[in-house]
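Asks: Take a look at this one; I'll ask things after.
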Amino acid sequence: MEIQNLNLKLKETANTYDALARISKIFGVVQIQKLFPEETDPELSTLYIIQLNPIIQVDPVLLEQVLTALRQDPDVEYAEMPPHRKLI
């Protein structure tokens with residue numbers, strides 16, 4: 001199982017700068033990118049993609065630790081692995 005990124009949504013009430021600063025310090029987080037950079041809609045403008053260190057991507061224990069840390073942040077609405085997609 002190889003996970004490239006995680007999906008993250010901040011709460012609309014979050015102080016974005018402070019929340020992203022905390023999230024960027026979580027072990028294994030390499031980069032944080034807005035999913036919709038130019039979006040002004042509050043629902044879409046709080047969606048992010050978290051790029052993980054390759055070591056985290058292949059270690060299920062470390063991956064779960066990163067997800068737990070993200071989910072425990074008071075400004076995070078949700079953090080999840082992207083859905084598995086398979087071409088048929």
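So you can find residues: chains in the structure tokens are A, B, ... in the order shown, residues in each start at 1, and ligands are numbered from 1 in order.
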Which residues of stretch 4-25 of chain A sit at most 12 Å from stretch 50-54 of chain A, using only C-alpha atoms? Give each one's shortest atom pair and distance in Å (one decimal place), in chain and ascending residue order, as CSV.

Replies:
residue,atom,partner,partner_atom,distance
A:Gln4,CA,A:Gln51,CA,6.5
A:Asn5,CA,A:Gln51,CA,4.6
A:Leu6,CA,A:Ile50,CA,5.0
A:Asn7,CA,A:Ile50,CA,6.3
A:Leu8,CA,A:Ile50,CA,7.0
A:Lys9,CA,A:Ile50,CA,10.3
A:Leu20,CA,A:Ile50,CA,10.4
A:Ile23,CA,A:Ile50,CA,9.2
A:Ser24,CA,A:Ile50,CA,9.1
A:Lys25,CA,A:Leu52,CA,12.0

Asks: I need the residue nearest A:Tyr48 from this list: A:Pro82, A:Pro60, A:Pro74, A:Gly28. Use only C-alpha atoms for the distance.

Replies: A:Pro82

Asks: Assign secondary structure with DSSP using the backbone only, and return the residues of chain A in alpha helix (DSSP H) as a PyMOL selection string.

Replies: chain A and resi 16-24+42-45+54-58+60-72

Asks: Which of these, A:Gln65, A:Thr40, A:Gln57, A:Ser45, has the shortest distance to A:Ala14 once you count only C-alpha atoms?

Replies: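 Selected residue with least distance to A:Ala14: A:Ser45.
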
Asks: Which one of A:Leu35, A:Ile26, A:Thr46, A:Asp18 sits closest to A:Glu77 if you count only C-alpha atoms?

Replies: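 Going through A:Leu35, A:Ile26, A:Thr46, A:Asp18 one by one, the smallest distance to A:Glu77 is for A:Thr46.
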
Asks: Using Å and a single decimal, report how far atom CA of A:Asp59 sits from atom CA of A:Ala19.

Replies: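 Interatomic distance here is 25.2 Å.
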
Asks: Please determine, counting only C-alpha atoms, which residue among A:Val61, A:Val30, A:Glu12, A:Leu67 has the shortest atom-to-atom distance to A:Pro42.

Replies: A:Glu12
